[in-house]
2 protein chains.
Amino acid sequence: MSIPYKTYLSEKQAPDAWMNLRAALKNLPAPMLHPGTLNPVGLDDITPVFVGELARQELSDEPFISIPGEVMDFYKMIRPSPLVRAYALEKILDTPVKIYYKYEGTNTSGSHKLNSAAPQAFYAKQQGLTSLTTETGAGQWGTALSMTCAYYHIDLKVFMVKISSQQKPYRKALMETYGASVTASPSDTTDAGKKALAENPDTQGSLGNAISEAIEAAMKTDNCRYVLGSVLQHVILHQSVIGLEAKAAMDSIGEYPDVVIGCAGGGSNLGGLICAYAADKINGKANPRILAVEPASCPSLTRGKFSYDFGDVARTTPLIKMYTLGCGFKPHANHAGGLRYHGMNPTLSQMYHDGLMEAVSYRQRDVFDAAIQFARSEGTLPAPESAHAIRAAIDEAIKCRESGEAKTILFGLSGTGFFDMQAYKDYQSGTMDDYIPTDADLAKGFAELPNV
Amino acid sequence: MSIPYKTYLSEKQAPDAWMNLRAALKNLPAPMLHPGTLNPVGLDDITPVFVGELARQELSDEPFISIPGEVMDFYKMIRPSPLVRAYALEKILDTPVKIYYKYEGTNTSGSHKLNSAAPQAFYAKQQGLTSLTTETGAGQWGTALSMTCAYYHIDLKVFMVKISSQQKPYRKALMETYGASVTASPSDTTDAGKKALAENPDTQGSLGNAISEAIEAAMKTDNCRYVLGSVLQHVILHQSVIGLEAKAAMDSIGEYPDVVIGCAGGGSNLGGLICAYAADKINGKANPRILAVEPASCPSLTRGKFSYDFGDVARTTPLIKMYTLGCGFKPHANHAGGLRYHGMNPTLSQMYHDGLMEAVSYRQRDVFDAAIQFARSEGTLPAPESAHAIRAAIDEAIKCRESGEAKTILFGLSGTGFFDMQAYKDYQSGTMDDYIPTDADLAKGFAELPNV
């Protein structure tokens, strides 16, 4: 059978339930703990902050959760995403491997984030909420949520990491086009923001701090909740549509990957992409390698500690057992804004801890080398975040050229680089930094880990 | 049968030949004339400027021209584009009509332009050329050609209309990422550019002037030719993949449009979109309305003259019989940069003249109203150019709500608005201008029409 360049599932083939990767694990991740009592968090602890159904999903051990019809309708507008055979890249690499990628960047949000934004806005509407708050780093999550809040008629306030709002001014305009209000974080509109500014007036901001501001703003607003686009269990639950579609499409062309590669920030793209193959691996049905790729500037898996930590800088969230650089770790200004988070989703952290997943980190310039090689051969300009996965896929393909192994690679191309042109300009002009934290830098973050 | 939100053709269903709309006409468009002799232009006249095969296609009366295998391979990377049923927009408009759109904006160039960029770069490579020159307005054509020149390993020099290069700085960065060199036009690198700057040092540039510079640069460079992304017959030939795919997809779901709507600048999107339905209309097989939508600021069909005119400001091209505002018409700074051209493809001009096509113009703010209504319901952010078609489709749907007619509308969504955020910002802040040329403005352009 000749394999097409692109494989799209039909509406009838689309998944109608999300897969809960957490429930597939044999070693369940440790429970979230209340930071005051250190008791496992229950529904009552988190529903004041979270939308009720999302809180329920966060704690759920059901293996699958049905996708509501209204969300299925939204998915039909923005999905399916294509599974692409990278024939042109394979040719340029002169490699015996077959390379596939699942491309999530064709929608206006430019990334996979819409997969979780849709149900989050829908459940908020269903609960009768009138507004939501959130944070955004690279701007992809904020854009996605702006789109779905416009669709479901909910007000949205976005705290955008300051450095990203400077690097990507049009991301802000895009969110505003969809009716959201956007505030650069840290801001003087919250106590958490004021504290961060007092400590360091020149701070470039961080996801962790923006989270603190968004939570505070939600708590102070009537009929409002906080939502977020990564790290948490319910987010990777929603993102499972990527992996379920990818596996169905791979199955339909008779392919099974030897290795599945995804970039890893908070884990939403990675957790979504790998879910179906990870389940096969856990159940012993197959043994694909699963590879997380992170920036060397923010190496939570490859150099972090597996420890309880806060999700935010202001230490207001429940404690989460995860690989972390410490919630006080200040990520360097790195253009892959979506990967600048100190921690990692707890299910993925547990998998890494149990040897079910590998991890590798790359320096920024090496990542952009791969991005440009990909863009010029496959046409599509990748988001810097996604280019981490490309770098690893290319390196795997080069290894196979040398060893002669005809492996099958699947990677996640989580977004487009349309809004990252400043980073591409910096790379081409040679002004892009290539920072790696020293052990001493990391020690500072570890020193502040809660003693649990 | 329940109609899916999106219909994709399989690779096997993809068209393997372009349709030549010109050859379908009963009244053929008048031939291009040599501006010196006023004789019809032959191959020998244009091959010094154009790639040989493109020159041949420009003059061809063959009804179909096979798509080379190498171009088919490129198309498989970037196509098929989806045919989308606009269920959410229909619901918001509370209209009995069915609205479909063919969306060309999911590739990195962000528009339909890639459909012609691929064969143009391929034929240049096949001829052994080492470089190409071109102009770009909104930046979509320049981006598309940069991508295909990177793919086929050809050097590219792009003259970008100055106002667009200011409004869209990241478009330039994107073209450079693909290896192209980009010059704001008018520039001091050509005689045509120097002349324009001498006449008006503060000029914002125009497509017509950028064309003059690109032609001059090509003529002065060894082993180089000039290519362009609109207006000419071979361009709408290549764009026929849009319309052939659209009709095949509509056929597959049992639909036939009552009206086909496309935005019109030089005509490449419009000519591509309508080709199959126009042929039905010409042959008497069906009688769909065909509607061209242009900006009120540059109304070549609705207020232009059907006359021989030059394609460029410097009056170096062959004379083309078309609807035109005069090659000296200076289009106002209008954010829909891709629609700022003084003329219109000759086949489309002939169709309009013969009553086979209607035309309407809209003011910019009304177009952005429609763009935002579309973005907030359908999710996708449209290019300002494409939003002209949305405006007309919405107005048609509203008319049908009032009349109760359950029509079927097909419009072309030629591109994404990712690179037009400055325009969306201006619209939202109320600083967007809404200019319409006066009759006196137009009279100046008409006065300079060649006396042929």
# chains A, B, ... in the order shown; residues from 1 in each chain; ligands from 1
>>> residues_around(residues="range 117-125 of chain B", least_positions_apart="5", cutoff="6 Å", atoms="only C-alpha atoms", output="ChimeraX atom specification")
/B:51,71,144-145,148-149
>>> closest_atom_pairs(of="chain A", to="chain B", cutoff="8 Å", atoms="only C-alpha atoms", output="JSON lines")
{"residue": "A:Pro4", "atom": "CA", "partner": "B:Glu11", "partner_atom": "CA", "distance": 6.8}
{"residue": "A:Tyr5", "atom": "CA", "partner": "B:Lys76", "partner_atom": "CA", "distance": 5.9}
{"residue": "A:Lys6", "atom": "CA", "partner": "B:Met77", "partner_atom": "CA", "distance": 7.4}
{"residue": "A:Tyr8", "atom": "CA", "partner": "B:Tyr8", "partner_atom": "CA", "distance": 7.8}
{"residue": "A:Glu11", "atom": "CA", "partner": "B:Pro4", "partner_atom": "CA", "distance": 6.8}
{"residue": "A:Lys76", "atom": "CA", "partner": "B:Tyr5", "partner_atom": "CA", "distance": 5.9}
{"residue": "A:Met77", "atom": "CA", "partner": "B:Tyr5", "partner_atom": "CA", "distance": 6.2}
{"residue": "A:Ile78", "atom": "CA", "partner": "B:Gly379", "partner_atom": "CA", "distance": 7.8}
{"residue": "A:Thr106", "atom": "CA", "partner": "B:Thr106", "partner_atom": "CA", "distance": 5.0}
{"residue": "A:Asn107", "atom": "CA", "partner": "B:Thr380", "partner_atom": "CA", "distance": 6.6}
{"residue": "A:Thr108", "atom": "CA", "partner": "B:Thr380", "partner_atom": "CA", "distance": 5.2}
{"residue": "A:Met147", "atom": "CA", "partner": "B:Gly379", "partner_atom": "CA", "distance": 6.1}
{"residue": "A:Thr148", "atom": "CA", "partner": "B:Gly379", "partner_atom": "CA", "distance": 7.8}
{"residue": "A:Ala150", "atom": "CA", "partner": "B:Arg376", "partner_atom": "CA", "distance": 5.5}
{"residue": "A:Tyr151", "atom": "CA", "partner": "B:Ser377", "partner_atom": "CA", "distance": 5.6}
{"residue": "A:Tyr170", "atom": "CA", "partner": "B:Met421", "partner_atom": "CA", "distance": 5.7}
{"residue": "A:Ala173", "atom": "CA", "partner": "B:Lys425", "partner_atom": "CA", "distance": 6.0}
{"residue": "A:Leu174", "atom": "CA", "partner": "B:Met421", "partner_atom": "CA", "distance": 6.6}
{"residue": "A:Thr177", "atom": "CA", "partner": "B:Tyr424", "partner_atom": "CA", "distance": 6.9}
{"residue": "A:Tyr178", "atom": "CA", "partner": "B:Arg376", "partner_atom": "CA", "distance": 6.1}
{"residue": "A:Ile372", "atom": "CA", "partner": "B:Thr177", "partner_atom": "CA", "distance": 7.2}
{"residue": "A:Ala375", "atom": "CA", "partner": "B:Tyr178", "partner_atom": "CA", "distance": 7.4}
{"residue": "A:Arg376", "atom": "CA", "partner": "B:Ala150", "partner_atom": "CA", "distance": 5.5}
{"residue": "A:Ser377", "atom": "CA", "partner": "B:Tyr151", "partner_atom": "CA", "distance": 5.6}
{"residue": "A:Glu378", "atom": "CA", "partner": "B:Met77", "partner_atom": "CA", "distance": 7.1}
{"residue": "A:Gly379", "atom": "CA", "partner": "B:Met147", "partner_atom": "CA", "distance": 6.1}
{"residue": "A:Thr380", "atom": "CA", "partner": "B:Thr108", "partner_atom": "CA", "distance": 5.2}
{"residue": "A:Leu381", "atom": "CA", "partner": "B:Thr108", "partner_atom": "CA", "distance": 6.0}
{"residue": "A:Thr416", "atom": "CA", "partner": "B:Thr108", "partner_atom": "CA", "distance": 7.9}
{"residue": "A:Phe418", "atom": "CA", "partner": "B:Phe418", "partner_atom": "CA", "distance": 7.0}
{"residue": "A:Phe419", "atom": "CA", "partner": "B:Phe418", "partner_atom": "CA", "distance": 7.8}
{"residue": "A:Met421", "atom": "CA", "partner": "B:Tyr170", "partner_atom": "CA", "distance": 5.7}
{"residue": "A:Gln422", "atom": "CA", "partner": "B:Tyr170", "partner_atom": "CA", "distance": 7.4}
{"residue": "A:Tyr424", "atom": "CA", "partner": "B:Thr177", "partner_atom": "CA", "distance": 6.9}
{"residue": "A:Lys425", "atom": "CA", "partner": "B:Ala173", "partner_atom": "CA", "distance": 6.0}
{"residue": "A:Gln428", "atom": "CA", "partner": "B:Thr177", "partner_atom": "CA", "distance": 7.5}
>>> write_last_selection(atoms="N, CA, C and O atoms", output="short mmCIF file (atom, residue, chain, number, x, y, z; two decimals), in the first residue's frame")
data_model
loop_
_atom_site.label_atom_id
_atom_site.label_comp_id
_atom_site.auth_asym_id
_atom_site.auth_seq_id
_atom_site.Cartn_x
_atom_site.Cartn_y
_atom_site.Cartn_z
N PRO A 4 -0.15 7.70 1.98
CA PRO A 4 -0.35 9.10 1.57
C PRO A 4 0.48 10.06 2.40
O PRO A 4 0.94 9.71 3.50
N TYR A 5 0.68 11.26 1.86
CA TYR A 5 1.38 12.30 2.62
C TYR A 5 0.60 12.65 3.88
O TYR A 5 1.16 12.87 4.93
N LYS A 6 -0.71 12.72 3.74
CA LYS A 6 -1.53 13.13 4.88
C LYS A 6 -2.66 12.14 5.09
O LYS A 6 -3.29 11.70 4.13
N TYR A 8 -6.23 11.93 7.18
CA TYR A 8 -7.26 12.58 8.00
C TYR A 8 -8.30 11.54 8.39
O TYR A 8 -8.74 10.77 7.55
N GLU A 11 -15.20 12.28 10.30
CA GLU A 11 -15.93 12.61 11.54
C GLU A 11 -16.36 11.35 12.28
O GLU A 11 -16.34 11.31 13.52
N LYS A 76 -15.28 19.44 15.70
CA LYS A 76 -15.48 19.22 14.25
C LYS A 76 -15.07 20.45 13.44
O LYS A 76 -14.73 20.34 12.27
N MET A 77 -15.14 21.63 14.07
CA MET A 77 -14.69 22.84 13.36
C MET A 77 -13.17 22.90 13.26
O MET A 77 -12.63 23.40 12.29
N ILE A 78 -12.48 22.44 14.30
CA ILE A 78 -11.03 22.66 14.35
C ILE A 78 -10.23 21.38 14.15
O ILE A 78 -9.01 21.41 14.03
N THR A 106 -2.92 23.95 12.49
CA THR A 106 -3.66 24.55 11.38
C THR A 106 -4.83 25.42 11.84
O THR A 106 -5.41 26.14 11.04
N ASN A 107 -5.18 25.38 13.12
CA ASN A 107 -6.27 26.24 13.59
C ASN A 107 -5.73 27.61 13.99
O ASN A 107 -4.53 27.81 14.10
N THR A 108 -6.64 28.58 14.20
CA THR A 108 -6.21 29.95 14.44
C THR A 108 -5.42 30.12 15.74
O THR A 108 -4.57 30.99 15.84
N MET A 147 -10.61 32.18 21.88
CA MET A 147 -11.48 31.70 20.81
C MET A 147 -12.69 30.98 21.37
O MET A 147 -13.83 31.21 20.94
N THR A 148 -12.45 30.10 22.34
CA THR A 148 -13.58 29.30 22.84
C THR A 148 -14.47 30.13 23.76
O THR A 148 -15.68 29.90 23.81
N ALA A 150 -15.09 33.29 23.24
CA ALA A 150 -15.92 34.04 22.29
C ALA A 150 -17.06 33.14 21.80
O ALA A 150 -18.21 33.56 21.72
N TYR A 151 -16.73 31.92 21.51
CA TYR A 151 -17.72 30.97 20.97
C TYR A 151 -18.82 30.66 21.98
O TYR A 151 -19.99 30.59 21.64
N TYR A 170 1.55 40.82 18.71
CA TYR A 170 0.34 40.53 17.94
C TYR A 170 -0.47 39.38 18.55
O TYR A 170 -1.64 39.21 18.24
N ALA A 173 -2.96 41.24 20.45
CA ALA A 173 -4.00 41.76 19.55
C ALA A 173 -4.96 40.66 19.13
O ALA A 173 -6.17 40.88 18.99
N LEU A 174 -4.42 39.47 18.93
CA LEU A 174 -5.25 38.36 18.49
C LEU A 174 -6.25 37.98 19.60
O LEU A 174 -7.45 37.80 19.34
N THR A 177 -8.88 40.54 19.72
CA THR A 177 -9.81 40.39 18.60
C THR A 177 -10.94 39.43 18.97
O THR A 177 -12.08 39.60 18.56
N TYR A 178 -10.59 38.43 19.75
CA TYR A 178 -11.60 37.47 20.20
C TYR A 178 -12.32 37.95 21.46
O TYR A 178 -13.10 37.21 22.06
N ILE A 372 14.55 25.16 11.01
CA ILE A 372 14.73 25.72 9.67
C ILE A 372 14.91 24.61 8.64
O ILE A 372 14.38 24.69 7.52
N ALA A 375 11.41 23.49 8.08
CA ALA A 375 10.60 24.47 7.34
C ALA A 375 10.94 24.45 5.85
O ALA A 375 10.06 24.50 5.00
N ARG A 376 12.23 24.37 5.56
CA ARG A 376 12.64 24.46 4.15
C ARG A 376 12.39 23.18 3.39
O ARG A 376 12.35 23.20 2.16
N SER A 377 12.24 22.06 4.07
CA SER A 377 11.93 20.83 3.35
C SER A 377 10.43 20.52 3.37
O SER A 377 9.83 20.30 2.32
N GLU A 378 9.82 20.58 4.53
CA GLU A 378 8.40 20.21 4.66
C GLU A 378 7.46 21.38 4.42
O GLU A 378 6.24 21.21 4.41
N GLY A 379 8.02 22.60 4.31
CA GLY A 379 7.17 23.75 4.06
C GLY A 379 6.68 24.43 5.33
O GLY A 379 6.74 25.64 5.45
N THR A 380 6.23 23.65 6.27
CA THR A 380 5.59 24.21 7.47
C THR A 380 6.59 24.80 8.45
O THR A 380 7.58 24.16 8.79
N LEU A 381 6.33 26.02 8.90
CA LEU A 381 7.18 26.68 9.89
C LEU A 381 6.73 26.25 11.28
O LEU A 381 5.61 26.52 11.68
N THR A 416 2.29 26.08 15.09
CA THR A 416 2.94 26.85 14.02
C THR A 416 3.83 27.93 14.61
O THR A 416 3.60 28.41 15.72
N PHE A 418 4.11 30.94 13.27
CA PHE A 418 3.66 32.23 12.75
C PHE A 418 3.89 33.38 13.73
O PHE A 418 4.15 34.49 13.31
N PHE A 419 3.72 33.10 15.01
CA PHE A 419 3.82 34.18 15.98
C PHE A 419 5.18 34.23 16.66
O PHE A 419 5.34 34.89 17.67
N MET A 421 8.12 35.01 14.94
CA MET A 421 9.07 35.52 13.95
C MET A 421 10.21 36.31 14.60
O MET A 421 11.30 36.35 14.06
N GLN A 422 9.95 36.91 15.75
CA GLN A 422 11.04 37.62 16.42
C GLN A 422 12.15 36.63 16.79
O GLN A 422 13.34 36.92 16.62
N TYR A 424 12.80 33.81 15.25
CA TYR A 424 13.48 33.41 14.01
C TYR A 424 14.43 34.52 13.54
O TYR A 424 15.51 34.24 13.03
N LYS A 425 14.00 35.78 13.71
CA LYS A 425 14.89 36.90 13.35
C LYS A 425 16.16 36.87 14.20
O LYS A 425 17.27 37.02 13.69
N GLN A 428 18.49 34.12 13.12
CA GLN A 428 19.18 34.38 11.87
C GLN A 428 20.23 35.48 11.99
O GLN A 428 21.23 35.47 11.28
#
>>> atom_distance(atom1="CA of Asp16 in chain A", atom2="CA of Glu245 in chain A")
10.6 Å
>>> closest_residue(among="A:Pro96, A:Gly266, A:Gly272, A:Gly311", to="Lys407 in chain A", atoms="only C-alpha atoms")
A:Pro96
>>> select_by_dssp(residues="range 206-275 of chain A", states="strand (DSSP E)", output="MDAnalysis selection string")
chainID A and resid 224:226 259:263
>>> decode(residues="range 4-72 of chain A", atoms="C-alpha atoms", output="mmCIF file, in the first residue's frame")
data_model
loop_
_atom_site.group_PDB
_atom_site.id
_atom_site.type_symbol
_atom_site.label_atom_id
_atom_site.label_comp_id
_atom_site.auth_asym_id
_atom_site.auth_seq_id
_atom_site.Cartn_x
_atom_site.Cartn_y
_atom_site.Cartn_z
ATOM 1 C CA PRO A 4 -0.354 9.097 1.566
ATOM 2 C CA TYR A 5 1.376 12.302 2.619
ATOM 3 C CA LYS A 6 -1.532 13.130 4.875
ATOM 4 C CA THR A 7 -4.068 10.996 6.677
ATOM 5 C CA TYR A 8 -7.262 12.581 8.000
ATOM 6 C CA LEU A 9 -9.819 10.709 10.020
ATOM 7 C CA SER A 10 -13.453 11.166 9.034
ATOM 8 C CA GLU A 11 -15.931 12.606 11.540
ATOM 9 C CA LYS A 12 -17.192 9.080 12.180
ATOM 10 C CA GLN A 13 -13.688 7.903 13.079
ATOM 11 C CA ALA A 14 -13.129 10.760 15.519
ATOM 12 C CA PRO A 15 -12.736 9.762 19.171
ATOM 13 C CA ASP A 16 -15.916 10.381 21.209
ATOM 14 C CA ALA A 17 -14.259 9.944 24.614
ATOM 15 C CA TRP A 18 -11.060 11.274 26.137
ATOM 16 C CA MET A 19 -8.527 8.780 27.452
ATOM 17 C CA ASN A 20 -7.329 9.264 31.014
ATOM 18 C CA LEU A 21 -3.622 8.360 30.923
ATOM 19 C CA ARG A 22 -3.411 8.601 34.708
ATOM 20 C CA ALA A 23 -5.892 5.743 35.024
ATOM 21 C CA ALA A 24 -3.748 3.540 32.785
ATOM 22 C CA LEU A 25 -0.731 3.691 35.094
ATOM 23 C CA LYS A 26 0.056 0.763 37.382
ATOM 24 C CA ASN A 27 1.859 3.089 39.799
ATOM 25 C CA LEU A 28 -0.631 5.923 40.196
ATOM 26 C CA PRO A 29 0.876 9.378 40.696
ATOM 27 C CA ALA A 30 0.905 10.527 44.308
ATOM 28 C CA PRO A 31 -2.172 12.583 45.226
ATOM 29 C CA MET A 32 -2.141 16.366 45.281
ATOM 30 C CA LEU A 33 -1.834 17.602 48.858
ATOM 31 C CA HIS A 34 -3.438 20.527 50.614
ATOM 32 C CA PRO A 35 -0.501 22.827 51.428
ATOM 33 C CA GLY A 36 -1.818 23.562 54.928
ATOM 34 C CA THR A 37 -2.990 20.135 56.148
ATOM 35 C CA LEU A 38 -0.836 18.006 53.804
ATOM 36 C CA ASN A 39 -3.931 15.836 53.347
ATOM 37 C CA PRO A 40 -4.848 14.616 49.844
ATOM 38 C CA VAL A 41 -6.893 17.228 48.076
ATOM 39 C CA GLY A 42 -10.586 16.497 47.584
ATOM 40 C CA LEU A 43 -13.219 18.015 45.333
ATOM 41 C CA ASP A 44 -14.272 20.520 47.991
ATOM 42 C CA ASP A 45 -10.730 21.866 48.207
ATOM 43 C CA ILE A 46 -10.449 22.776 44.548
ATOM 44 C CA THR A 47 -13.960 23.675 43.384
ATOM 45 C CA PRO A 48 -13.682 27.220 44.785
ATOM 46 C CA VAL A 49 -10.894 27.787 42.231
ATOM 47 C CA PHE A 50 -11.723 25.355 39.439
ATOM 48 C CA VAL A 51 -14.776 24.782 37.289
ATOM 49 C CA GLY A 52 -16.675 21.919 38.947
ATOM 50 C CA GLU A 53 -16.524 19.354 36.148
ATOM 51 C CA LEU A 54 -12.852 20.096 35.532
ATOM 52 C CA ALA A 55 -12.139 19.545 39.237
ATOM 53 C CA ARG A 56 -13.968 16.221 39.027
ATOM 54 C CA GLN A 57 -11.936 15.222 35.977
ATOM 55 C CA GLU A 58 -8.735 16.315 37.713
ATOM 56 C CA LEU A 59 -9.284 13.676 40.394
ATOM 57 C CA SER A 60 -10.935 11.050 38.207
ATOM 58 C CA ASP A 61 -9.651 7.509 37.790
ATOM 59 C CA GLU A 62 -12.118 6.607 35.045
ATOM 60 C CA PRO A 63 -10.231 5.202 32.042
ATOM 61 C CA PHE A 64 -12.340 7.148 29.529
ATOM 62 C CA ILE A 65 -14.589 10.207 29.845
ATOM 63 C CA SER A 66 -17.225 10.972 27.200
ATOM 64 C CA ILE A 67 -16.792 14.134 25.153
ATOM 65 C CA PRO A 68 -20.006 16.226 25.368
ATOM 66 C CA GLY A 69 -21.843 16.725 22.084
ATOM 67 C CA GLU A 70 -21.343 20.494 22.213
ATOM 68 C CA VAL A 71 -17.582 19.963 22.486
ATOM 69 C CA MET A 72 -17.672 17.371 19.714
#
